[in-house]
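**Student:** This one is entry.tsv, TSV, C-alpha atoms.
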```
chain	number	residue	atom	x	y	z
A	1	MET	CA	11.24	49.83	20.09
A	2	ARG	CA	14.58	48.17	20.03
A	3	PRO	CA	14.29	46.04	23.22
A	4	VAL	CA	10.87	44.73	22.09
A	5	THR	CA	12.29	43.59	18.76
A	6	ALA	CA	15.13	41.88	20.56
A	7	VAL	CA	12.72	40.00	22.82
A	8	CYS	CA	10.64	38.93	19.80
A	9	ALA	CA	13.74	37.75	17.99
A	10	SER	CA	14.88	35.67	20.93
A	11	LEU	CA	11.42	34.11	21.30
A	12	VAL	CA	11.43	33.09	17.65
A	13	LEU	CA	14.94	31.70	18.00
A	14	GLY	CA	13.88	29.80	21.11
A	15	ALA	CA	10.92	28.22	19.29
A	16	ALA	CA	13.11	27.25	16.34
A	17	ALA	CA	15.73	25.71	18.61
A	18	ALA	CA	13.07	23.70	20.46
A	19	SER	CA	11.72	22.18	17.24
A	20	VAL	CA	15.20	21.28	16.03
A	21	ILE	CA	15.91	19.20	19.10
A	22	ALA	CA	12.42	17.61	19.14
A	23	ALA	CA	12.64	14.22	20.82
A	24	GLU	CA	12.15	11.01	18.91
A	25	ILE	CA	9.11	8.99	19.95
A	26	PRO	CA	10.09	6.56	22.75
A	27	LEU	CA	10.05	2.93	21.56
A	28	SER	CA	7.21	2.01	23.94
A	29	GLU	CA	4.93	4.78	22.65
A	30	ARG	CA	5.14	3.93	18.98
A	31	LYS	CA	1.89	3.12	17.22
A	32	SER	CA	1.11	1.88	13.76
A	33	GLY	CA	-1.17	4.12	11.71
A	34	TYR	CA	-3.60	1.20	11.96
A	35	GLU	CA	-4.44	2.22	15.51
A	36	LEU	CA	-5.60	5.66	14.39
A	37	MET	CA	-7.96	4.28	11.73
A	38	GLY	CA	-11.70	3.85	11.99
A	39	ARG	CA	-13.38	0.50	12.67
A	40	GLU	CA	-14.48	0.01	9.06
A	41	THR	CA	-11.03	0.66	7.57
A	42	ARG	CA	-9.44	-1.72	10.07
A	43	ALA	CA	-11.97	-4.42	9.17
A	44	MET	CA	-11.18	-3.86	5.50
A	45	GLN	CA	-7.46	-4.43	6.11
A	46	ASP	CA	-7.92	-7.43	8.41
A	47	ASP	CA	-9.97	-9.59	6.04
A	48	ASP	CA	-8.03	-10.87	3.03
A	49	THR	CA	-11.24	-11.00	0.97
A	50	THR	CA	-12.05	-7.31	1.56
A	51	ASN	CA	-8.50	-5.93	1.48
A	52	PRO	CA	-8.05	-4.59	-2.08
A	53	GLY	CA	-4.27	-4.86	-1.67
A	54	MET	CA	-4.72	-8.64	-1.97
A	55	LEU	CA	-5.66	-8.17	-5.64
A	56	TRP	CA	-2.11	-6.92	-6.22
A	57	VAL	CA	-0.67	-9.71	-4.11
A	58	LEU	CA	-2.41	-12.24	-6.40
A	59	ASP	CA	-0.98	-10.43	-9.43
A	60	GLY	CA	2.45	-10.49	-7.80
A	61	GLU	CA	2.22	-14.23	-7.23
A	62	ALA	CA	1.59	-14.71	-10.97
A	63	ILE	CA	4.54	-12.47	-11.90
A	64	TRP	CA	6.77	-14.33	-9.40
A	65	LYS	CA	6.19	-17.55	-11.35
A	66	ARG	CA	6.37	-16.00	-14.83
A	67	ARG	CA	9.54	-16.46	-16.91
A	68	ASP	CA	10.88	-13.14	-18.17
A	69	GLY	CA	13.86	-11.48	-19.84
A	70	ALA	CA	16.68	-12.83	-22.02
A	71	ALA	CA	17.69	-15.30	-19.30
A	72	GLY	CA	14.21	-16.85	-19.46
A	73	LYS	CA	14.08	-17.20	-15.68
A	74	SER	CA	11.29	-16.50	-13.22
A	75	CYS	CA	11.77	-15.25	-9.66
A	76	ALA	CA	10.70	-18.72	-8.52
A	77	ASP	CA	13.47	-20.40	-10.55
A	78	CYS	CA	16.08	-18.90	-8.19
A	79	HIS	CA	14.14	-18.17	-5.01
A	80	GLY	CA	11.68	-21.08	-5.05
A	81	ASP	CA	8.58	-20.78	-2.94
A	82	ALA	CA	8.23	-17.15	-1.81
A	83	GLU	CA	6.28	-18.20	1.26
A	84	SER	CA	9.49	-19.57	2.76
A	85	SER	CA	12.28	-17.80	0.84
A	86	MET	CA	10.81	-14.28	1.16
A	87	LYS	CA	9.61	-14.64	4.75
A	88	GLY	CA	10.89	-11.67	6.75
A	89	VAL	CA	12.75	-10.15	3.81
A	90	ALA	CA	10.61	-7.00	3.51
A	91	ALA	CA	11.02	-6.44	7.27
A	92	ARG	CA	14.79	-6.04	6.69
A	93	TYR	CA	14.67	-3.54	3.80
A	94	PRO	CA	16.13	-1.09	2.79
A	95	ALA	CA	19.30	-3.20	3.09
A	96	PHE	CA	22.96	-2.52	2.32
A	97	ASP	CA	24.05	-3.50	-1.17
A	98	GLU	CA	27.71	-4.47	-1.38
A	99	ALA	CA	28.12	-3.60	-5.08
A	100	ARG	CA	26.56	-0.16	-4.76
A	101	LYS	CA	28.05	0.64	-1.34
A	102	ARG	CA	24.73	2.06	-0.21
A	103	PRO	CA	21.25	0.91	0.87
A	104	VAL	CA	18.67	-0.21	-1.70
A	105	ASP	CA	14.96	-0.54	-1.07
A	106	LEU	CA	12.80	-3.51	-1.97
A	107	GLU	CA	11.67	-2.04	-5.31
A	108	GLN	CA	15.29	-1.38	-6.29
A	109	ARG	CA	16.30	-4.89	-5.21
A	110	ILE	CA	13.56	-6.38	-7.40
A	111	ASN	CA	14.73	-4.31	-10.36
A	112	ILE	CA	18.40	-5.21	-9.74
A	113	CYS	CA	17.35	-8.87	-9.84
A	114	ARG	CA	15.40	-8.23	-13.03
A	115	SER	CA	18.22	-6.55	-14.89
A	116	GLU	CA	21.15	-8.64	-13.58
A	117	ARG	CA	19.63	-12.12	-13.20
A	118	GLN	CA	16.61	-12.19	-15.52
A	119	LYS	CA	18.26	-9.86	-18.08
A	120	ALA	CA	14.92	-8.10	-18.35
A	121	THR	CA	14.09	-4.39	-18.46
A	122	PRO	CA	13.57	-2.86	-15.00
A	123	LEU	CA	9.95	-2.18	-14.11
A	124	PRO	CA	9.07	1.53	-14.02
A	125	PRO	CA	8.46	3.08	-10.59
A	126	GLU	CA	4.79	2.89	-9.43
A	127	SER	CA	3.98	0.52	-12.28
A	128	LYS	CA	1.31	-2.03	-11.54
A	129	GLU	CA	3.77	-4.90	-11.99
A	130	LEU	CA	6.43	-3.50	-9.64
A	131	LEU	CA	3.81	-2.73	-6.99
A	132	ALA	CA	2.32	-6.21	-7.37
A	133	LEU	CA	5.68	-7.94	-7.00
A	134	THR	CA	6.66	-5.77	-4.02
A	135	ALA	CA	3.29	-6.40	-2.39
A	136	TYR	CA	3.66	-10.14	-2.91
A	137	VAL	CA	7.15	-10.18	-1.37
A	138	GLY	CA	6.01	-7.84	1.41
A	139	ARG	CA	3.01	-10.01	2.19
A	140	GLN	CA	5.32	-12.86	3.21
A	141	SER	CA	6.54	-10.73	6.14
A	142	ARG	CA	3.12	-9.80	7.48
A	143	GLY	CA	3.10	-9.87	11.28
A	144	MET	CA	6.88	-10.04	11.56
A	145	PRO	CA	8.73	-7.29	13.46
A	146	ILE	CA	10.72	-4.73	11.47
A	147	GLU	CA	14.47	-5.42	11.74
A	148	THR	CA	15.80	-2.83	9.27
A	149	GLY	CA	18.96	-1.01	10.27
A	150	SER	CA	20.70	-3.69	12.37
A	151	ASP	CA	23.55	-3.74	9.79
A	152	GLU	CA	26.45	-1.55	11.01
A	153	ARG	CA	27.21	-0.34	7.46
A	154	LEU	CA	23.82	1.40	7.34
A	155	LYS	CA	24.65	3.79	10.21
A	156	PRO	CA	25.71	6.81	8.07
A	157	PHE	CA	22.68	6.40	5.83
A	158	ILE	CA	20.28	6.23	8.78
A	159	ALA	CA	21.90	9.46	10.00
A	160	ALA	CA	21.43	11.06	6.57
A	161	GLY	CA	17.77	10.01	6.59
A	162	ARG	CA	17.30	11.42	10.07
A	163	ASP	CA	18.81	14.74	8.98
A	164	LEU	CA	16.35	14.85	6.09
A	165	PHE	CA	13.48	13.99	8.45
A	166	ASN	CA	14.41	16.93	10.67
A	167	LEU	CA	15.17	19.33	7.82
A	168	ARG	CA	12.75	22.22	7.34
A	169	GLN	CA	11.82	22.34	3.67
A	170	GLY	CA	9.52	24.00	1.20
A	171	GLN	CA	7.51	27.20	1.23
A	172	ILE	CA	5.85	26.27	4.52
A	173	ASN	CA	9.30	25.66	6.02
A	174	LEU	CA	8.17	22.46	7.67
A	175	SER	CA	10.06	19.30	8.63
A	176	CYS	CA	8.69	15.75	8.76
A	177	ALA	CA	9.47	15.70	12.50
A	178	GLN	CA	7.24	18.70	13.24
A	179	CYS	CA	4.17	16.66	12.30
A	180	HIS	CA	5.18	13.06	12.95
A	181	ASP	CA	7.35	13.42	16.10
A	182	ASP	CA	5.87	16.53	17.73
A	183	ASN	CA	2.20	16.46	16.76
A	184	TRP	CA	1.19	12.86	16.08
A	185	GLY	CA	-2.29	12.08	17.33
A	186	GLY	CA	-3.37	15.62	16.49
A	187	LYS	CA	-5.37	16.63	13.45
A	188	LEU	CA	-4.39	18.08	10.10
A	189	ALA	CA	-7.41	19.33	8.17
A	190	GLY	CA	-9.63	16.94	10.12
A	191	ALA	CA	-7.48	13.87	9.49
A	192	PRO	CA	-5.43	12.30	12.29
A	193	ILE	CA	-1.66	12.82	12.06
A	194	PRO	CA	0.00	9.39	12.35
A	195	GLN	CA	3.51	8.77	13.66
A	196	GLY	CA	4.57	8.00	10.11
A	197	HIS	CA	5.69	4.39	10.39
A	198	PRO	CA	6.13	2.67	7.01
A	199	ASN	CA	5.09	-0.78	8.24
A	200	GLY	CA	2.47	-1.60	5.62
A	201	TYR	CA	3.92	-0.58	2.24
A	202	PRO	CA	3.07	-0.94	-0.52
A	203	LEU	CA	-0.39	-0.11	0.79
A	204	TYR	CA	-3.86	0.53	-0.54
A	205	ARG	CA	-4.78	4.13	0.13
A	206	LEU	CA	-8.49	4.85	-0.19
A	207	GLU	CA	-7.71	8.38	-1.35
A	208	TRP	CA	-5.55	7.03	-4.18
A	209	GLN	CA	-8.02	4.25	-4.98
A	210	THR	CA	-5.00	2.11	-5.69
A	211	LEU	CA	-1.86	0.58	-4.24
A	212	GLY	CA	1.10	2.90	-3.81
A	213	SER	CA	4.70	2.76	-2.60
A	214	LEU	CA	6.31	4.54	0.34
A	215	GLN	CA	8.03	6.88	-2.13
A	216	ARG	CA	4.65	7.93	-3.50
A	217	ARG	CA	3.56	8.70	0.08
A	218	LEU	CA	6.76	10.69	0.73
A	219	ARG	CA	6.23	12.60	-2.50
A	220	ASN	CA	2.70	13.35	-1.31
A	221	CYS	CA	4.01	14.78	1.98
A	222	LEU	CA	6.71	16.85	0.23
A	223	VAL	CA	4.18	18.37	-2.17
A	224	GLY	CA	1.99	19.18	0.84
A	225	MET	CA	4.94	21.00	2.42
A	226	ARG	CA	5.35	22.91	-0.88
A	227	ALA	CA	8.81	21.37	-1.19
A	228	GLU	CA	10.24	19.96	-4.37
A	229	PRO	CA	9.86	16.17	-4.42
A	230	PHE	CA	12.84	13.99	-5.34
A	231	ALA	CA	12.76	11.77	-8.43
A	232	PHE	CA	11.54	8.20	-7.83
A	233	GLY	CA	14.44	6.05	-6.68
A	234	ALA	CA	16.53	9.05	-5.56
A	235	PRO	CA	19.11	8.20	-2.83
A	236	GLU	CA	17.48	10.82	-0.57
A	237	TYR	CA	14.23	8.84	-0.60
A	238	VAL	CA	16.03	5.59	0.16
A	239	ASP	CA	17.87	7.20	3.11
A	240	LEU	CA	14.55	8.53	4.39
A	241	GLU	CA	12.86	5.15	3.91
A	242	LEU	CA	15.74	3.54	5.78
A	243	TYR	CA	15.50	5.99	8.68
A	244	LEU	CA	11.71	5.56	8.86
A	245	MET	CA	11.98	1.76	8.90
A	246	TRP	CA	14.69	1.93	11.57
A	247	ARG	CA	12.49	4.34	13.55
A	248	ALA	CA	9.65	1.78	13.30
A	249	ARG	CA	11.86	-1.17	14.32
A	250	GLY	CA	9.96	-3.83	16.22
A	251	LEU	CA	6.54	-2.86	14.87
A	252	PRO	CA	4.81	-5.68	13.00
A	253	MET	CA	4.59	-5.55	9.19
A	254	GLU	CA	1.06	-5.11	7.80
A	255	THR	CA	1.72	-5.34	4.04
A	256	PRO	CA	-0.55	-4.82	2.15
A	257	ALA	CA	-2.07	-2.35	4.60
A	258	VAL	CA	-5.14	-0.20	3.99
A	259	ARG	CA	-5.03	3.48	4.91
A	260	PRO	CA	-7.56	6.27	4.46
B	1	MET	CA	-9.41	-11.38	-16.75
B	2	ALA	CA	-9.62	-9.01	-13.87
B	3	ARG	CA	-8.71	-10.29	-10.44
B	4	THR	CA	-11.66	-11.02	-8.17
B	5	LEU	CA	-12.00	-12.02	-4.53
B	6	VAL	CA	-15.26	-13.57	-3.35
B	7	ASN	CA	-16.12	-14.70	0.14
B	8	VAL	CA	-19.03	-17.13	0.51
B	9	PRO	CA	-19.27	-19.26	3.66
B	10	ALA	CA	-18.38	-22.84	2.69
B	11	LYS	CA	-21.04	-24.30	4.98
B	12	ALA	CA	-24.35	-22.99	6.30
B	13	LYS	CA	-27.45	-24.30	8.04
B	14	ARG	CA	-30.70	-24.38	6.07
B	15	GLY	CA	-32.55	-21.10	6.50
B	16	GLU	CA	-29.47	-19.29	7.84
B	17	ILE	CA	-28.71	-15.78	6.62
B	18	VAL	CA	-25.26	-15.78	5.04
B	19	GLU	CA	-23.09	-12.79	4.19
B	20	ILE	CA	-21.42	-12.63	0.79
B	21	LYS	CA	-18.52	-10.32	-0.01
B	22	THR	CA	-17.07	-9.60	-3.44
B	23	LEU	CA	-14.19	-7.46	-4.61
B	24	ILE	CA	-12.98	-6.86	-8.16
B	25	GLN	CA	-9.95	-5.10	-9.59
B	26	HIS	CA	-11.08	-2.29	-11.88
B	27	GLU	CA	-9.94	1.31	-12.49
B	28	MET	CA	-13.50	2.72	-12.71
B	29	GLU	CA	-12.30	5.60	-14.91
B	30	THR	CA	-15.08	8.17	-14.61
B	31	GLY	CA	-14.78	9.85	-18.01
B	32	TYR	CA	-14.45	13.22	-16.31
B	33	ARG	CA	-10.73	13.15	-15.55
B	34	VAL	CA	-8.12	14.87	-17.68
B	35	GLY	CA	-5.05	12.94	-18.84
B	36	PRO	CA	-1.46	14.21	-19.08
B	37	ASN	CA	-2.10	15.59	-22.60
B	38	GLY	CA	-5.09	17.67	-21.48
B	39	ASN	CA	-7.69	15.46	-23.12
B	40	LEU	CA	-10.48	13.74	-21.23
B	41	LEU	CA	-9.76	10.12	-20.36
B	42	PRO	CA	-12.59	8.06	-21.87
B	43	ARG	CA	-15.06	6.49	-19.47
B	44	ASP	CA	-14.24	2.90	-18.54
B	45	ILE	CA	-16.38	1.53	-15.73
B	46	ILE	CA	-18.17	-1.63	-14.64
B	47	THR	CA	-21.87	-1.05	-15.31
B	48	ASP	CA	-23.53	-4.20	-13.98
B	49	PHE	CA	-23.04	-6.80	-11.31
B	50	VAL	CA	-25.20	-9.91	-10.92
B	51	CYS	CA	-25.08	-12.71	-8.36
B	52	LYS	CA	-26.92	-15.95	-9.05
B	53	TYR	CA	-27.61	-18.74	-6.56
B	54	ASN	CA	-28.06	-22.03	-8.44
B	55	GLY	CA	-28.98	-20.06	-11.54
B	56	GLU	CA	-31.48	-17.78	-9.86
B	57	GLN	CA	-30.66	-14.08	-9.60
B	58	ILE	CA	-30.49	-13.03	-5.95
B	59	PHE	CA	-28.64	-9.72	-6.19
B	60	ARG	CA	-28.08	-7.20	-8.94
B	61	ALA	CA	-26.48	-3.76	-9.01
B	62	GLU	CA	-26.00	-1.04	-11.57
B	63	LEU	CA	-22.80	0.95	-11.27
B	64	PHE	CA	-22.15	4.56	-12.19
B	65	PRO	CA	-19.09	6.79	-12.63
B	66	ALA	CA	-19.12	8.02	-9.01
B	67	ILE	CA	-18.32	4.53	-7.69
B	68	ALA	CA	-14.75	4.11	-6.47
B	69	ALA	CA	-12.13	1.93	-8.12
B	70	ASN	CA	-12.05	-1.77	-7.22
B	71	PRO	CA	-15.78	-1.98	-6.33
B	72	PHE	CA	-16.66	-3.97	-3.22
B	73	PHE	CA	-20.11	-5.43	-2.64
B	74	THR	CA	-21.45	-7.09	0.45
B	75	PHE	CA	-24.96	-8.48	0.72
B	76	SER	CA	-26.80	-11.34	2.34
B	77	THR	CA	-29.06	-14.18	1.29
B	78	VAL	CA	-30.87	-17.10	2.90
B	79	ALA	CA	-29.10	-20.44	2.50
B	80	ILE	CA	-31.75	-22.70	0.95
B	81	GLU	CA	-29.85	-25.49	-0.78
B	82	SER	CA	-26.34	-26.65	-1.57
B	83	GLY	CA	-24.95	-25.44	-4.84
B	84	THR	CA	-22.99	-22.69	-6.49
B	85	MET	CA	-23.02	-18.94	-6.32
B	86	THR	CA	-21.93	-17.30	-9.55
B	87	PHE	CA	-20.89	-13.69	-9.92
B	88	GLU	CA	-20.71	-11.70	-13.10
B	89	TRP	CA	-19.42	-8.20	-13.70
B	90	THR	CA	-19.90	-6.48	-17.06
B	91	GLY	CA	-18.88	-3.03	-18.19
B	92	ASP	CA	-17.60	-0.61	-20.80
B	93	ASN	CA	-15.37	-1.75	-23.68
B	94	GLY	CA	-16.71	-5.28	-23.49
B	95	PHE	CA	-15.47	-5.80	-19.95
B	96	SER	CA	-16.58	-9.08	-18.44
B	97	ALA	CA	-15.45	-11.06	-15.41
B	98	THR	CA	-16.92	-14.05	-13.66
B	99	ALA	CA	-16.32	-15.91	-10.42
B	100	SER	CA	-18.06	-18.69	-8.57
B	101	ALA	CA	-18.04	-20.27	-5.13
B	102	PRO	CA	-19.62	-23.42	-3.75
B	103	ILE	CA	-21.88	-23.48	-0.69
B	104	THR	CA	-22.93	-26.57	1.28
B	105	VAL	CA	-26.25	-26.32	3.12
B	106	GLU	CA	-26.95	-28.84	5.86
```
Can I see the file as structure tokens?

**Tutor:**
Amino acid sequence: MRPVTAVCASLVLGAAAASVIAAEIPLSERKSGYELMGRETRAMQDDDTTNPGMLWVLDGEAIWKRRDGAAGKSCADCHGDAESSMKGVAARYPAFDEARKRPVDLEQRINICRSERQKATPLPPESKELLALTAYVGRQSRGMPIETGSDERLKPFIAAGRDLFNLRQGQINLSCAQCHDDNWGGKLAGAPIPQGHPNGYPLYRLEWQTLGSLQRRLRNCLVGMRAEPFAFGAPEYVDLELYLMWRARGLPMETPAVRP
Amino acid sequence: MARTLVNVPAKAKRGEIVEIKTLIQHEMETGYRVGPNGNLLPRDIITDFVCKYNGEQIFRAELFPAIAANPFFTFSTVAIESGTMTFEWTGDNGFSATASAPITVE
């Protein structure tokens, strides 16, 4: 019996080793989740009068111009017209924050602005207002290529995000990479497995029947892996968001995207 | 008032079939879901949608709890004369929203 067990053990070890060193998707083979969607869902995203995400963008535009907080300032009072001042901004986030010595994502940046400049209370994660403002800022980068991660100071955080992406977690002992690097294009319970590029967040997910952030999507995946999700705004999420955006560099932004 | 998006072609030829698209922001709470405290969330849906073309009703729909959030309608009509299309959504808890769009028929 002993030799058989040994052979089995080495096979298992071999399989584990192979998945650990799974190759990243070559730059030329990367595809937005848009390309895996059906004709109707694509049409829904492409037309601004059928894309439900635009309802949040309109809300965000109103919040952008609204005075708030003890400082009595609106976003527009400092940043002016978002169509020019916010152009390309979402395509560069998460970005390094000098004061915090670590990357912050777009939602965190908006809340930093709120508490430090507007002297207002930060908006709760996944709140309608925060999603609306993020969608409005994100919309100004639609069609622009993702540039996140070009800052040298982000290197260690991209590495931390990559480690998390490749880490087997949860009761199923699964890593992000096993689905989104090794098996993209395949099916999971009848649904196509995308490459996992975050190029359209915050996006309208038909399953949610609402707009949601990338962290909500990550939480969704972690729960599916039977792993414990992080708290909203946790540094682990931001590192992962950063790695995912860097991994999707060059892909055009689709905010607010529609996904099934 | 709830956000709405309506798409009516600005110009059409007389007798042409035009496509109209409408979208409205609404939770469409079914009344069957349970909230964080274990109690049922009360029903809150849009119940009626009416489109009028120069005051005449051309499309009407009744909505029920199984309809998804942010209801989207698309339908067509024949462009007869220049004027205004008005849209009205009504629902539970006194919900009401209106929108309108002009159309020029040549």

**Student:** Which of these residues is nearest to chain A, using all atoms listed in the file: B:Val18, B:Met28, B:Ala10, B:Leu40?

**Tutor:**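 Nearest candidate to chain A out of B:Val18, B:Met28, B:Ala10, B:Leu40: B:Met28.
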
**Student:** When you count only C-alpha atoms, which of these residues is closest to chain A: B:Thr86, B:Thr30, B:Gln25, B:Gln57?

**Tutor:** B:Gln25

**Student:** Calculated over only C-alpha atoms, which of the candidates B:Val8, B:Val50, B:Ala68, B:Ala61 has the smallest distance to chain A?

**Tutor:** B:Ala68

**Student:** May I ask which of the residues A:Phe165, A:Tyr204, A:Trp64, A:Tyr93 is the closest one to chain B, counting only C-alpha atoms?

**Tutor:**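 Smallest distance to chain B is found for A:Tyr204.
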
**Student:** Sort by chain and increasing residue number a table of all residues of chain A within 10 Å of chain B, each with its closest pair of atoms and their distance in Å to one decimal, counting only C-alpha atoms, and write it as a tab-separated table.

**Tutor:**
```
residue	atom	partner	partner_atom	distance
A:Asp47	CA	B:Asn7	CA	9.9
A:Asp48	CA	B:Leu5	CA	8.6
A:Thr49	CA	B:Leu5	CA	5.6
A:Thr50	CA	B:Leu23	CA	6.5
A:Asn51	CA	B:Leu23	CA	8.5
A:Pro52	CA	B:Asn70	CA	7.1
A:Gly53	CA	B:Gln25	CA	9.7
A:Met54	CA	B:Leu5	CA	8.4
A:Leu55	CA	B:Arg3	CA	6.1
A:Trp56	CA	B:Arg3	CA	8.5
A:Leu58	CA	B:Arg3	CA	7.7
A:Asp59	CA	B:Arg3	CA	7.8
A:Leu206	CA	B:Ala68	CA	8.9
A:Glu207	CA	B:Ala68	CA	9.7
A:Trp208	CA	B:Ala69	CA	9.2
A:Gln209	CA	B:Ala69	CA	5.7
A:Thr210	CA	B:Ala69	CA	7.5
```

**Student:** Go ahead and save the residues from that selection, with C-alpha atoms, as a short mmCIF file (atom, residue, chain, number, x, y, z; two decimals), in the coordinates of the input.

**Tutor:**
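And here's selection.cif as it stands now:
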```cif
data_model
loop_
_atom_site.label_atom_id
_atom_site.label_comp_id
_atom_site.auth_asym_id
_atom_site.auth_seq_id
_atom_site.Cartn_x
_atom_site.Cartn_y
_atom_site.Cartn_z
CA ASP A 47 -9.97 -9.59 6.04
CA ASP A 48 -8.03 -10.87 3.03
CA THR A 49 -11.24 -11.00 0.97
CA THR A 50 -12.05 -7.31 1.56
CA ASN A 51 -8.50 -5.93 1.48
CA PRO A 52 -8.05 -4.59 -2.08
CA GLY A 53 -4.27 -4.86 -1.67
CA MET A 54 -4.72 -8.64 -1.97
CA LEU A 55 -5.66 -8.17 -5.64
CA TRP A 56 -2.11 -6.92 -6.22
CA LEU A 58 -2.41 -12.24 -6.40
CA ASP A 59 -0.98 -10.43 -9.43
CA LEU A 206 -8.49 4.85 -0.19
CA GLU A 207 -7.71 8.38 -1.35
CA TRP A 208 -5.55 7.03 -4.18
CA GLN A 209 -8.02 4.25 -4.98
CA THR A 210 -5.00 2.11 -5.69
#
```

**Student:** Counting all atoms listed in the file, what is within 10 Å of segment 171-179 of chain A, bar same-chain residues fewer than 2 positions away, as a VMD selection string?

**Tutor:** chain A and resid 19 to 24 162 to 169 181 to 188 193 to 196 218 221 to 222 224 to 228

**Student:** Could you jot down the atom CA of Pro156 of chain A to atom CA of Arg249 of chain A separation for me, Å, one decimal place?

**Tutor:** 17.2 Å

**Student:** List every protein, DNA or RNA residue with an atom no more than 12 Å from (9.6, 5.2, 20.3) in the file's coordinates, counting all atoms listed in the file, and format the result as a ChimeraX atom specification.

**Tutor:** /A:23-32,180-181,195-197,244,246-251

**Student:** Could you tell me how far atom CA of Gln215 of chain A sits from atom CA of Ala234 of chain A, in Å to one decimal place?

**Tutor:** 9.4 Å

**Student:** Could you tell me how far atom CA of Arg205 of chain A lies from atom CA of Arg259 of chain A, in Å and to one decimal?

**Tutor:** 4.8 Å

**Student:** Point out the residue among B:Ile58, B:Ala12, B:Met1, B:Leu63 with the least atom-to-atom distance to Thr77 of chain B, counting all atoms listed in the file.

**Tutor:**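 Going through B:Ile58, B:Ala12, B:Met1, B:Leu63 one by one, the smallest distance to Thr77 of chain B is for B:Ile58.
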
**Student:** Can you list, as a list in words, every protein, DNA or RNA residue that comes within 10 Å of segment 97-103 of chain A when you count all atoms listed in the file, leaving out same-chain residues fewer than 5 positions away?

**Tutor:**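 The filter keeps Gln108, Arg109, Gly149, Arg153, Leu154, Pro156, Phe157, Ile158, Pro235, Val238, Asp239, Glu241 and Leu242 of chain A.
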
**Student:** Measuring between only C-alpha atoms, which one of A:Cys75, A:Leu106, A:Val89, A:Met37 shows the shortest distance to Leu131 of chain A?

**Tutor:**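 Closest to Leu131 of chain A of all the choices is A:Leu106.
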